[in-house]
file my_file-v1.cif (mmCIF, C-alpha atoms and all ligand atoms; chains and numbers go by the auth columns)
data_work
loop_
_atom_site.group_PDB
_atom_site.id
_atom_site.type_symbol
_atom_site.label_atom_id
_atom_site.label_comp_id
_atom_site.label_asym_id
_atom_site.label_seq_id
_atom_site.Cartn_x
_atom_site.Cartn_y
_atom_site.Cartn_z
_atom_site.B_iso_or_equiv
_atom_site.auth_seq_id
_atom_site.auth_asym_id
ATOM 1 C CA VAL A 1 -18.321 -10.956 -12.236 0.00 1 A
ATOM 2 C CA GLU A 2 -21.261 -8.865 -11.067 0.00 2 A
ATOM 3 C CA ILE A 3 -20.387 -6.926 -7.916 0.00 3 A
ATOM 4 C CA ARG A 4 -23.236 -5.300 -6.011 0.00 4 A
ATOM 5 C CA SER A 5 -22.487 -1.791 -4.855 0.00 5 A
ATOM 6 C CA ASP A 6 -23.417 -2.649 -1.268 0.00 6 A
ATOM 7 C CA GLU A 7 -21.015 -5.586 -1.116 0.00 7 A
ATOM 8 C CA PRO A 8 -18.889 -5.620 2.089 0.00 8 A
ATOM 9 C CA VAL A 9 -15.221 -4.715 1.595 0.00 9 A
ATOM 10 C CA LEU A 10 -12.141 -6.227 3.211 0.00 10 A
ATOM 11 C CA VAL A 11 -9.398 -3.623 3.756 0.00 11 A
ATOM 12 C CA ILE A 12 -5.946 -4.881 4.725 0.00 12 A
ATOM 13 C CA GLY A 13 -3.542 -2.329 6.187 0.00 13 A
ATOM 14 C CA LEU A 14 -4.573 0.831 8.028 0.00 14 A
ATOM 15 C CA GLY A 15 -1.862 3.272 6.947 0.00 15 A
ATOM 16 C CA ARG A 16 -2.863 6.504 5.247 0.00 16 A
ATOM 17 C CA PHE A 17 -4.134 4.767 2.117 0.00 17 A
ATOM 18 C CA GLY A 18 -6.079 1.971 3.823 0.00 18 A
ATOM 19 C CA ALA A 19 -7.479 4.348 6.440 0.00 19 A
ATOM 20 C CA SER A 20 -8.729 6.751 3.749 0.00 20 A
ATOM 21 C CA THR A 21 -10.333 3.891 1.838 0.00 21 A
ATOM 22 C CA ALA A 22 -11.980 2.358 4.910 0.00 22 A
ATOM 23 C CA GLY A 23 -13.054 5.741 6.288 0.00 23 A
ATOM 24 C CA GLN A 24 -14.731 6.785 3.051 0.00 24 A
ATOM 25 C CA LEU A 25 -16.487 3.421 2.685 0.00 25 A
ATOM 26 C CA ASP A 26 -17.705 3.741 6.257 0.00 26 A
ATOM 27 C CA ARG A 27 -19.056 7.244 5.567 0.00 27 A
ATOM 28 C CA GLN A 28 -20.945 5.701 2.665 0.00 28 A
ATOM 29 C CA ASP A 29 -22.442 3.207 5.171 0.00 29 A
ATOM 30 C CA ARG A 30 -20.626 0.371 3.508 0.00 30 A
ATOM 31 C CA GLU A 31 -19.869 -2.724 5.576 0.00 31 A
ATOM 32 C CA VAL A 32 -16.083 -2.846 6.069 0.00 32 A
ATOM 33 C CA LEU A 33 -13.740 -5.324 7.715 0.00 33 A
ATOM 34 C CA VAL A 34 -10.353 -3.763 8.435 0.00 34 A
ATOM 35 C CA VAL A 35 -7.293 -5.872 9.220 0.00 35 A
ATOM 36 C CA ASP A 36 -3.937 -4.747 10.538 0.00 36 A
ATOM 37 C CA THR A 37 -1.078 -6.310 12.477 0.00 37 A
ATOM 38 C CA ASN A 38 -0.889 -3.248 14.721 0.00 38 A
ATOM 39 C CA PRO A 39 -3.182 -3.752 17.764 0.00 39 A
ATOM 40 C CA GLU A 40 -3.387 -0.036 18.585 0.00 40 A
ATOM 41 C CA LEU A 41 -4.605 0.801 15.103 0.00 41 A
ATOM 42 C CA VAL A 42 -7.152 -2.013 15.249 0.00 42 A
ATOM 43 C CA GLN A 43 -8.350 -0.770 18.630 0.00 43 A
ATOM 44 C CA LYS A 44 -8.685 2.762 17.267 0.00 44 A
ATOM 45 C CA TRP A 45 -10.807 1.559 14.354 0.00 45 A
ATOM 46 C CA ALA A 46 -12.898 -0.939 16.333 0.00 46 A
ATOM 47 C CA ASP A 47 -15.711 1.448 17.254 0.00 47 A
ATOM 48 C CA ARG A 48 -15.698 3.152 13.884 0.00 48 A
ATOM 49 C CA VAL A 49 -16.071 0.516 11.200 0.00 49 A
ATOM 50 C CA THR A 50 -18.187 -2.616 11.122 0.00 50 A
ATOM 51 C CA HIS A 51 -15.388 -5.008 12.085 0.00 51 A
ATOM 52 C CA ALA A 52 -11.723 -4.530 12.944 0.00 52 A
ATOM 53 C CA VAL A 53 -9.423 -7.493 13.406 0.00 53 A
ATOM 54 C CA GLN A 54 -5.781 -7.793 14.390 0.00 54 A
ATOM 55 C CA ALA A 55 -4.167 -10.321 12.076 0.00 55 A
ATOM 56 C CA ASP A 56 -1.179 -10.862 9.835 0.00 56 A
ATOM 57 C CA ALA A 57 -2.673 -11.142 6.372 0.00 57 A
ATOM 58 C CA ARG A 58 0.461 -12.868 5.064 0.00 58 A
ATOM 59 C CA SER A 59 -0.850 -15.939 6.849 0.00 59 A
ATOM 60 C CA MET A 60 -3.391 -17.955 4.904 0.00 60 A
ATOM 61 C CA GLU A 61 -4.754 -19.430 8.157 0.00 61 A
ATOM 62 C CA ALA A 62 -5.328 -15.946 9.558 0.00 62 A
ATOM 63 C CA LEU A 63 -7.206 -14.925 6.419 0.00 63 A
ATOM 64 C CA GLU A 64 -9.311 -18.080 6.516 0.00 64 A
ATOM 65 C CA GLN A 65 -10.123 -17.469 10.163 0.00 65 A
ATOM 66 C CA ILE A 66 -11.479 -14.003 9.493 0.00 66 A
ATOM 67 C CA GLY A 67 -13.534 -15.337 6.583 0.00 67 A
ATOM 68 C CA ALA A 68 -11.642 -13.469 3.868 0.00 68 A
ATOM 69 C CA ASP A 69 -12.867 -15.994 1.304 0.00 69 A
ATOM 70 C CA GLU A 70 -16.436 -14.760 1.826 0.00 70 A
ATOM 71 C CA PHE A 71 -15.578 -11.317 0.450 0.00 71 A
ATOM 72 C CA GLN A 72 -16.174 -10.289 -3.148 0.00 72 A
ATOM 73 C CA ILE A 73 -13.967 -7.213 -2.807 0.00 73 A
ATOM 74 C CA ALA A 74 -10.654 -6.762 -1.014 0.00 74 A
ATOM 75 C CA VAL A 75 -8.191 -3.865 -0.875 0.00 75 A
ATOM 76 C CA VAL A 76 -4.509 -4.567 -0.171 0.00 76 A
ATOM 77 C CA ALA A 77 -3.355 -1.302 1.372 0.00 77 A
ATOM 78 C CA THR A 78 -0.186 -2.394 3.113 0.00 78 A
ATOM 79 C CA GLY A 79 2.683 0.034 2.874 0.00 79 A
ATOM 80 C CA ALA A 80 6.400 -0.203 2.332 0.00 80 A
ATOM 81 C CA SER A 81 6.864 -3.990 2.283 0.00 81 A
ATOM 82 C CA ILE A 82 6.449 -5.269 -1.265 0.00 82 A
ATOM 83 C CA GLU A 83 6.886 -8.831 0.037 0.00 83 A
ATOM 84 C CA ALA A 84 3.945 -8.476 2.398 0.00 84 A
ATOM 85 C CA SER A 85 1.762 -6.858 -0.260 0.00 85 A
ATOM 86 C CA VAL A 86 2.548 -9.596 -2.792 0.00 86 A
ATOM 87 C CA LEU A 87 1.978 -12.426 -0.299 0.00 87 A
ATOM 88 C CA ILE A 88 -1.311 -10.965 0.874 0.00 88 A
ATOM 89 C CA ALA A 89 -2.515 -10.417 -2.688 0.00 89 A
ATOM 90 C CA ALA A 90 -1.540 -13.981 -3.639 0.00 90 A
ATOM 91 C CA ASN A 91 -3.438 -15.328 -0.629 0.00 91 A
ATOM 92 C CA LEU A 92 -6.547 -13.411 -1.647 0.00 92 A
ATOM 93 C CA VAL A 93 -6.276 -14.704 -5.213 0.00 93 A
ATOM 94 C CA ASP A 94 -5.922 -18.271 -3.880 0.00 94 A
ATOM 95 C CA LEU A 95 -8.976 -17.746 -1.675 0.00 95 A
ATOM 96 C CA GLY A 96 -10.929 -16.814 -4.794 0.00 96 A
ATOM 97 C CA VAL A 97 -11.732 -13.192 -3.943 0.00 97 A
ATOM 98 C CA PRO A 98 -12.915 -11.961 -7.362 0.00 98 A
ATOM 99 C CA GLN A 99 -12.192 -8.226 -7.061 0.00 99 A
ATOM 100 C CA ILE A 100 -8.812 -7.329 -5.618 0.00 100 A
ATOM 101 C CA TRP A 101 -7.486 -3.779 -5.475 0.00 101 A
ATOM 102 C CA ALA A 102 -3.886 -3.281 -4.417 0.00 102 A
ATOM 103 C CA LYS A 103 -1.610 -0.318 -3.925 0.00 103 A
ATOM 104 C CA ALA A 104 1.746 -0.479 -5.698 0.00 104 A
ATOM 105 C CA ILE A 105 4.755 1.570 -4.668 0.00 105 A
ATOM 106 C CA SER A 106 6.754 0.977 -7.845 0.00 106 A
ATOM 107 C CA HIS A 107 6.262 -0.075 -11.438 0.00 107 A
ATOM 108 C CA SER A 108 7.747 -3.548 -10.804 0.00 108 A
ATOM 109 C CA HIS A 109 5.580 -3.995 -7.746 0.00 109 A
ATOM 110 C CA GLY A 110 2.538 -3.200 -9.869 0.00 110 A
ATOM 111 C CA LYS A 111 3.650 -5.623 -12.598 0.00 111 A
ATOM 112 C CA ILE A 112 4.029 -8.434 -10.053 0.00 112 A
ATOM 113 C CA LEU A 113 0.602 -7.704 -8.580 0.00 113 A
ATOM 114 C CA GLU A 114 -0.914 -7.856 -12.063 0.00 114 A
ATOM 115 C CA ARG A 115 0.863 -11.143 -12.804 0.00 115 A
ATOM 116 C CA ILE A 116 -0.509 -12.668 -9.600 0.00 116 A
ATOM 117 C CA GLY A 117 -4.032 -11.792 -10.683 0.00 117 A
ATOM 118 C CA VAL A 118 -4.836 -8.500 -8.948 0.00 118 A
ATOM 119 C CA ASN A 119 -7.565 -6.805 -11.021 0.00 119 A
ATOM 120 C CA HIS A 120 -6.931 -3.196 -10.015 0.00 120 A
ATOM 121 C CA VAL A 121 -3.421 -1.948 -9.344 0.00 121 A
ATOM 122 C CA ILE A 122 -3.305 1.582 -7.959 0.00 122 A
ATOM 123 C CA TYR A 123 -0.256 3.871 -7.983 0.00 123 A
ATOM 124 C CA PRO A 124 -1.349 6.615 -5.588 0.00 124 A
ATOM 125 C CA GLU A 125 1.802 8.702 -5.681 0.00 125 A
ATOM 126 C CA ARG A 126 2.279 8.471 -9.430 0.00 126 A
ATOM 127 C CA GLU A 127 -1.371 9.336 -9.999 0.00 127 A
ATOM 128 C CA ALA A 128 -1.242 12.268 -7.605 0.00 128 A
ATOM 129 C CA GLY A 129 1.944 13.539 -9.269 0.00 129 A
ATOM 130 C CA GLU A 130 0.488 13.274 -12.772 0.00 130 A
ATOM 131 C CA ARG A 131 -2.589 15.059 -11.556 0.00 131 A
ATOM 132 C CA VAL A 132 -0.596 17.956 -10.153 0.00 132 A
ATOM 133 C CA ALA A 133 1.357 18.219 -13.402 0.00 133 A
ATOM 134 C CA HIS A 134 -1.866 18.344 -15.428 0.00 134 A
ATOM 135 C CA LEU A 135 -3.361 20.973 -13.164 0.00 135 A
ATOM 136 C CA LEU A 136 -0.197 23.083 -13.208 0.00 136 A
ATOM 137 C CA SER A 137 0.485 22.893 -16.919 0.00 137 A
ATOM 138 C CA GLY A 138 -2.791 23.727 -18.585 0.00 138 A
ATOM 139 C CA SER A 139 -5.849 25.710 -17.816 0.00 139 A
ATOM 140 C CA MET A 140 -7.519 22.619 -16.355 0.00 140 A
ATOM 141 C CA LEU A 141 -9.102 23.197 -12.978 0.00 141 A
ATOM 142 C CA ASP A 142 -9.950 19.582 -12.375 0.00 142 A
ATOM 143 C CA PHE A 143 -10.005 16.371 -14.339 0.00 143 A
ATOM 144 C CA ILE A 144 -10.718 12.667 -14.182 0.00 144 A
ATOM 145 C CA GLN A 145 -8.823 10.204 -16.319 0.00 145 A
ATOM 146 C CA PHE A 146 -10.338 6.829 -17.064 0.00 146 A
ATOM 147 C CA ASP A 147 -8.375 3.651 -17.859 0.00 147 A
ATOM 148 C CA ASP A 148 -8.973 3.835 -21.575 0.00 148 A
ATOM 149 C CA ASN A 149 -7.338 7.248 -21.973 0.00 149 A
ATOM 150 C CA TYR A 150 -10.673 9.053 -21.819 0.00 150 A
ATOM 151 C CA VAL A 151 -10.628 12.306 -19.864 0.00 151 A
ATOM 152 C CA ILE A 152 -13.259 14.659 -18.482 0.00 152 A
ATOM 153 C CA ALA A 153 -11.917 18.049 -17.462 0.00 153 A
ATOM 154 C CA LYS A 154 -13.157 21.321 -15.997 0.00 154 A
ATOM 155 C CA MET A 155 -11.597 24.494 -17.412 0.00 155 A
ATOM 156 C CA TYR A 156 -12.159 28.081 -18.489 0.00 156 A
ATOM 157 C CA PRO A 157 -12.992 28.231 -22.195 0.00 157 A
ATOM 158 C CA PRO A 158 -10.034 28.863 -24.504 0.00 158 A
ATOM 159 C CA ARG A 159 -10.292 32.292 -26.165 0.00 159 A
ATOM 160 C CA SER A 160 -10.957 30.853 -29.616 0.00 160 A
ATOM 161 C CA ILE A 161 -14.286 29.298 -28.636 0.00 161 A
ATOM 162 C CA ARG A 162 -15.747 32.234 -26.699 0.00 162 A
ATOM 163 C CA GLY A 163 -18.689 34.287 -27.922 0.00 163 A
ATOM 164 C CA ARG A 164 -19.760 31.769 -30.563 0.00 164 A
ATOM 165 C CA SER A 165 -21.908 28.679 -30.581 0.00 165 A
ATOM 166 C CA LEU A 166 -20.100 25.376 -30.163 0.00 166 A
ATOM 167 C CA THR A 167 -20.984 24.447 -33.753 0.00 167 A
ATOM 168 C CA ASP A 168 -19.607 27.724 -35.105 0.00 168 A
ATOM 169 C CA SER A 169 -16.336 27.399 -33.254 0.00 169 A
ATOM 170 C CA GLY A 170 -16.046 23.809 -34.495 0.00 170 A
ATOM 171 C CA VAL A 171 -14.911 22.392 -31.189 0.00 171 A
ATOM 172 C CA ARG A 172 -15.604 18.795 -32.181 0.00 172 A
ATOM 173 C CA THR A 173 -14.047 18.865 -35.632 0.00 173 A
ATOM 174 C CA ARG A 174 -11.141 21.198 -34.936 0.00 174 A
ATOM 175 C CA TYR A 175 -10.099 19.986 -31.513 0.00 175 A
ATOM 176 C CA ARG A 176 -11.713 16.519 -31.343 0.00 176 A
ATOM 177 C CA VAL A 177 -13.173 17.261 -27.908 0.00 177 A
ATOM 178 C CA THR A 178 -16.773 17.528 -26.765 0.00 178 A
ATOM 179 C CA VAL A 179 -18.027 20.302 -24.521 0.00 179 A
ATOM 180 C CA VAL A 180 -20.374 18.428 -22.214 0.00 180 A
ATOM 181 C CA GLY A 181 -21.488 21.135 -19.793 0.00 181 A
ATOM 182 C CA VAL A 182 -21.324 24.880 -19.269 0.00 182 A
ATOM 183 C CA LYS A 183 -21.641 26.946 -16.118 0.00 183 A
ATOM 184 C CA ALA A 184 -22.142 30.711 -16.019 0.00 184 A
ATOM 185 C CA PRO A 185 -21.022 32.471 -12.812 0.00 185 A
ATOM 186 C CA GLY A 186 -23.565 31.924 -10.054 0.00 186 A
ATOM 187 C CA GLN A 187 -25.512 29.441 -12.170 0.00 187 A
ATOM 188 C CA PRO A 188 -25.576 25.657 -12.014 0.00 188 A
ATOM 189 C CA PHE A 189 -23.965 23.539 -14.728 0.00 189 A
ATOM 190 C CA THR A 190 -26.202 22.863 -17.722 0.00 190 A
ATOM 191 C CA HIS A 191 -25.708 20.386 -20.551 0.00 191 A
ATOM 192 C CA ALA A 192 -24.157 21.977 -23.601 0.00 192 A
ATOM 193 C CA THR A 193 -25.864 21.780 -26.990 0.00 193 A
ATOM 194 C CA GLN A 194 -24.672 22.717 -30.488 0.00 194 A
ATOM 195 C CA ASP A 195 -26.186 26.173 -30.015 0.00 195 A
ATOM 196 C CA THR A 196 -24.632 26.874 -26.635 0.00 196 A
ATOM 197 C CA VAL A 197 -22.620 30.101 -26.690 0.00 197 A
ATOM 198 C CA VAL A 198 -19.701 30.123 -24.267 0.00 198 A
ATOM 199 C CA SER A 199 -18.851 33.376 -22.478 0.00 199 A
ATOM 200 C CA PRO A 200 -15.380 34.263 -21.149 0.00 200 A
ATOM 201 C CA HIS A 201 -16.338 33.844 -17.512 0.00 201 A
ATOM 202 C CA ASP A 202 -18.111 30.522 -17.981 0.00 202 A
ATOM 203 C CA LEU A 203 -16.675 27.250 -16.793 0.00 203 A
ATOM 204 C CA ILE A 204 -16.850 24.326 -19.178 0.00 204 A
ATOM 205 C CA ILE A 205 -16.665 20.549 -18.843 0.00 205 A
ATOM 206 C CA VAL A 206 -14.847 18.914 -21.729 0.00 206 A
ATOM 207 C CA SER A 207 -14.390 15.248 -22.660 0.00 207 A
ATOM 208 C CA GLY A 208 -12.050 13.502 -25.074 0.00 208 A
ATOM 209 C CA THR A 209 -8.745 11.673 -25.153 0.00 209 A
ATOM 210 C CA ALA A 210 -6.077 12.913 -22.721 0.00 210 A
ATOM 211 C CA ASP A 211 -3.961 14.327 -25.561 0.00 211 A
ATOM 212 C CA ASP A 212 -6.828 16.160 -27.227 0.00 212 A
ATOM 213 C CA VAL A 213 -8.189 17.609 -23.989 0.00 213 A
ATOM 214 C CA GLU A 214 -4.706 18.704 -22.906 0.00 214 A
ATOM 215 C CA ARG A 215 -4.063 20.376 -26.263 0.00 215 A
ATOM 216 C CA PHE A 216 -7.482 22.053 -26.143 0.00 216 A
ATOM 217 C CA ALA A 217 -6.779 23.359 -22.631 0.00 217 A
ATOM 218 C CA THR A 218 -3.632 25.146 -23.816 0.00 218 A
ATOM 219 C CA ILE A 219 -4.709 26.600 -27.202 0.00 219 A
ATOM 220 C CA GLY A 220 -5.490 29.990 -25.660 0.00 220 A
HETATM 221 P P1 LIG B . 0.681 4.103 3.954 0.00 1 B
HETATM 222 O O1 LIG B . 1.782 4.469 3.007 0.00 1 B
HETATM 223 O O2 LIG B . -0.632 3.846 3.254 0.00 1 B
HETATM 224 O O3 LIG B . 0.507 5.070 5.097 0.00 1 B
HETATM 225 P P2 LIG B . 1.883 2.306 5.900 0.00 1 B
HETATM 226 O O4 LIG B . 3.083 1.504 5.562 0.00 1 B
HETATM 227 O O5 LIG B . 2.055 3.461 6.829 0.00 1 B
HETATM 228 O O6 LIG B . 1.141 2.702 4.547 0.00 1 B
HETATM 229 O O7 LIG B . 0.761 1.371 6.541 0.00 1 B
HETATM 230 C C1 LIG B . 0.542 0.106 6.150 0.00 1 B
HETATM 231 C C2 LIG B . -0.283 -0.577 7.218 0.00 1 B
HETATM 232 O O8 LIG B . -0.371 -1.953 6.869 0.00 1 B
HETATM 233 C C3 LIG B . 0.326 -0.483 8.602 0.00 1 B
HETATM 234 O O9 LIG B . -0.655 -0.046 9.519 0.00 1 B
HETATM 235 C C4 LIG B . 0.770 -1.903 8.872 0.00 1 B
HETATM 236 O O10 LIG B . 0.638 -2.234 10.248 0.00 1 B
HETATM 237 C C5 LIG B . -0.174 -2.729 8.025 0.00 1 B
HETATM 238 N N1 LIG B . 0.398 -4.014 7.646 0.00 1 B
HETATM 239 C C6 LIG B . 1.649 -4.236 7.207 0.00 1 B
HETATM 240 N N2 LIG B . 1.851 -5.551 6.991 0.00 1 B
HETATM 241 C C7 LIG B . 0.684 -6.162 7.291 0.00 1 B
HETATM 242 C C8 LIG B . 0.251 -7.538 7.284 0.00 1 B
HETATM 243 N N3 LIG B . 1.061 -8.513 6.932 0.00 1 B
HETATM 244 N N4 LIG B . -1.023 -7.814 7.668 0.00 1 B
HETATM 245 C C9 LIG B . -1.856 -6.807 8.054 0.00 1 B
HETATM 246 N N5 LIG B . -1.501 -5.516 8.088 0.00 1 B
HETATM 247 C C10 LIG B . -0.242 -5.192 7.721 0.00 1 B
#
call {"tool": "encode", "arguments": {"input": "my_file-v1.cif", "output": "structure tokens"}}
result
Amino acid sequence: VEIRSDEPVLVIGLGRFGASTAGQLDRQDREVLVVDTNPELVQKWADRVTHAVQADARSMEALEQIGADEFQIAVVATGASIEASVLIAANLVDLGVPQIWAKAISHSHGKILERIGVNHVIYPEREAGERVAHLLSGSMLDFIQFDDNYVIAKMYPPRSIRGRSLTDSGVRTRYRVTVVGVKAPGQPFTHATQDTVVSPHDLIIVSGTADDVERFATIG
């Protein structure tokens, strides 16, 4: 399914997760409909986002009334109740919403959401925890992990690749990672080439599989 990047988004649940999602979409001038059972929260959001509606999304009638079936993208951001999350997700699947993102609070919860037909299951706490572990354990300063185990990370260059060109230090063949960009202090990032020589105080951007990038970050 082709989803346009200016497609309106339905966000259900205005806890910390839903509020962050809706708030960021709003800052990007995206049309957002937020739904929550809590009238005070809905009131608070009413003058901020495009539309805010008080409704119980477990009810199919309620979802139909707010036109949930018109949306191409929905985010199920309800909190502690797995029952509510699963019911809401199932309703959205039945209404034919093609892109559904849902927050899971446990592995089983995520499995159920996937079985129902949710396309994107998010584990915010697990992901945040893994992220902290990565940042604490290696010399990675920041990283993004993609679904297919592909990682892009920012780090200081390991000692063994400093002072030589990327070809000479054999980064690709020895460590199976690619140095994508290099940044000298006070300079912007530039794309790395085979002839780029990395200095000790440079920052580098590296891509590869999670295992290879992690190993590379800790070789010293
Ligand atoms: P978080 O962990 O993201 O902070 P919370 O549990 O605090 O999550 O918030 C979840 C939000 O979802 C609450 O504001 C709650 O009122 C809302 N919510 C829960 N059940 C429903 C439902 N059936 N329909 C709509 N909103 C709901």
call {"tool": "closest_residue", "arguments": {"input": "my_file-v1.cif", "among": "A:Val132, A:Ala22, A:Leu141, A:Leu92", "to": "A:Glu64", "atoms": "all atoms listed in the file"}}
result
A:Leu92
call {"tool": "closest_residue", "arguments": {"input": "my_file-v1.cif", "among": "A:Gln54, A:Thr21, A:Ser199, A:Thr218", "to": "A:Val75", "atoms": "all atoms listed in the file"}}
result
A:Thr21
call {"tool": "resolve_selection", "arguments": {"input": "my_file-v1.cif", "expression": "the PyMOL selection byres (((chain A and resi 165-182) around 9) and not hetatm)", "output": "MDAnalysis selection string"}}
result
chainID A and resid 152 160:164 183:184 188:198 202:209 212:213 215:216
call {"tool": "closest_atom_pairs", "arguments": {"input": "my_file-v1.cif", "of": "chain A", "to": "ligand LIG 1 (chain B)", "cutoff": "7 Å", "atoms": "all atoms listed in the file", "output": "tab-separated table"}}
result
residue	atom	partner	partner_atom	distance
A:Ile12	CA	B:LIG1	N5	5.6
A:Gly13	CA	B:LIG1	O8	3.3
A:Leu14	CA	B:LIG1	O9	4.3
A:Gly15	CA	B:LIG1	O7	3.3
A:Arg16	CA	B:LIG1	O3	3.7
A:Phe17	CA	B:LIG1	O2	3.8
A:Gly18	CA	B:LIG1	O2	5.8
A:Val35	CA	B:LIG1	C9	5.6
A:Asp36	CA	B:LIG1	N5	3.5
A:Thr37	CA	B:LIG1	N5	4.5
A:Asn38	CA	B:LIG1	O10	4.8
A:Leu41	CA	B:LIG1	O9	6.9
A:Ala55	CA	B:LIG1	C9	5.8
A:Asp56	CA	B:LIG1	N4	3.7
A:Ala57	CA	B:LIG1	N4	3.9
A:Arg58	CA	B:LIG1	N3	4.8
A:Ala77	CA	B:LIG1	O2	6.1
A:Thr78	CA	B:LIG1	O8	3.8
A:Gly79	CA	B:LIG1	O4	3.1
A:Ala80	CA	B:LIG1	O4	4.9
A:Ala84	CA	B:LIG1	N3	5.4
A:Ile88	CA	B:LIG1	N3	7.0
call {"tool": "atom_distance", "arguments": {"input": "my_file-v1.cif", "atom1": "atom CA of A:Met155", "atom2": "atom CA of A:Gly186"}}
result
15.9 Å
call {"tool": "atom_distance", "arguments": {"input": "my_file-v1.cif", "atom1": "atom CA of A:Ala52", "atom2": "atom CA of A:Glu40"}}
result
11.0 Å
call {"tool": "atom_distance", "arguments": {"input": "my_file-v1.cif", "atom1": "atom CA of A:Trp45", "atom2": "atom CA of A:Leu10"}}
result
13.7 Å
